Structure formats: C-alpha cells, structure tokens
Amino acid sequence: MGRKAFTPEQIIFKLREVEVLVGQGESIALACRKIAVTEQTYYRWRKEYGGMGTEQLKRLKELEKENARLRRAVADLSLRKNYSCGGGKGKLLSPTRRRQCAEYVREQTGSSERKVCAVLGQHRTTQRYTSSVCEFSVLVRQAVINYASEYGRYGYRAVTDLLRTDGWGISYNRVERIWKQEGLKVQQSSAQESACG
C-alpha cells in the first residue's frame, strides 16, 4: 500500500486536529493514530508547517511561484549576457586555430604536449591531426577560380555547368561553397554601374 500524499492545506488541518486532541488531554502518539499518520510524519509536518495558518500558506505558495519566476528570469539574463559577450554562433576557435594555439603555448613554455593539451582542454588526437587535402580538391578550386576570372559575368551555377562540360563530376553545392570561401562575386556591367551610381 503506497503512501498518501497530502496537500499543504490538509497537512495544516491535520496539525490543528492534533493540537485540539492534545489540548483535550490525549497523548501525541494517540492523536497521531487518530489522524492516521506516524509520529515522525507529525513532527516533520510540525517543523515545516507548524504555527502556519491558511492565509500564510497561500502567501508562501505565492512567494515560491514568484521565486521560481525570478530564477528563470535571472537564468535567461545570464544566458543572454554570455551569448552577447561571446560573439556569434559556433565555437570560439576552429580545430586548426586550437592546434596552433596549443603549439604556440608548448613552444613558449617548453612543456610537453600532454601537459599543454590537458591545460587547454584539447584532445591529443586533435592536436596530432594533419589535414589531408586531396589533389582533386585543389584542382577543382583552381578551376573554379580560373573560370570565375575568365568569365566575370558568370555565377557559380554557370561555372558549374562549364566544369561539367569539361568532364568534372561536381555539384552546384560544392562550387557554391568554393565560391563563397574564395569571396568570388559576379562583376557588375558598366550599364548597371552607371544606373546605380
């Protein structure tokens, strides 16, 4: 048989019953049996709710709700502050930059790689990683740059079509990514420049 959970109002009512019974001359143990709780529960309730009326209980509940609301507000403000100070999205440093920082610290302090990685929170496998850029990626990047400079009025889609006719099996997404990384832009025609200016 499971324990019955009482509401705070019921607890205060039962505490008053015990007070009345004790005032009539009964012992606390007998009074607890009459309200169907153990003496330990009675003492625990008396410690928590002793001498509290229903109005005070309502006020306590209101204060607890207000306290919870204020905690949430403070948590939201601290999160907002952390994100506004920290900059935008993402990590503060890329893995490449973290490797460079760890290597710099290791050279300056003369410490071992193990100690530097432990202090900076960098995994040693990440520290030892060497990127392997395949030759195909380098050639594709160079071809995109060449076509963009040769055909200045073409966008990344037209450049992708030119690469495909040359036999490169490449997607628009990859060319667009290279296009953005290299900062390539479609040149404005002189008629558009004079109209805008």
# chains A, B, ... in the order shown; residues from 1 in each chain; ligands from 1
>>> residues_around(residues="Lys180 (chain A)", least_positions_apart="4", cutoff="12 Å", atoms="only C-alpha atoms", output="ChimeraX atom specification")
/A:141,144-145,155-156,173-176,184-186
>>> select_by_dssp(residues="region 97-166 of chain A", states="helix (DSSP H, G or I)", output="PyMOL selection string")
chain A and resi 97-109+113-120+124-128+135-150+156-165
>>> residues_around(residues="Tyr129 (chain A)", least_positions_apart="6", cutoff="12 Å", atoms="only C-alpha atoms", output="list in words")
Pro95, Thr96, Arg98, Arg99, Gln100, Gln122 and His123 of chain A
>>> residues_around(residues="Leu57 (chain A)", least_positions_apart="6", cutoff="10 Å", atoms="only C-alpha atoms", output="PyMOL selection string")
chain A and resi 8-9+12+49+63
>>> atom_distance(atom1="CA of Phe136 (chain A)", atom2="CA of Asp161 (chain A)")
17.7 Å
>>> closest_residue(among="A:Leu15, A:Leu162, A:Leu139, A:Val105", to="Val37 (chain A)", atoms="only C-alpha atoms")
A:Leu15
>>> residues_around(residues="region 20-32 of chain A", least_positions_apart="5", cutoff="10 Å", atoms="only C-alpha atoms", output="number ranges by chain")
A: 14-15, 37-43
>>> closest_residue(among="A:Leu60, A:Ala158, A:Leu70, A:Ala148", to="Gly183 (chain A)", atoms="only C-alpha atoms")
A:Ala148
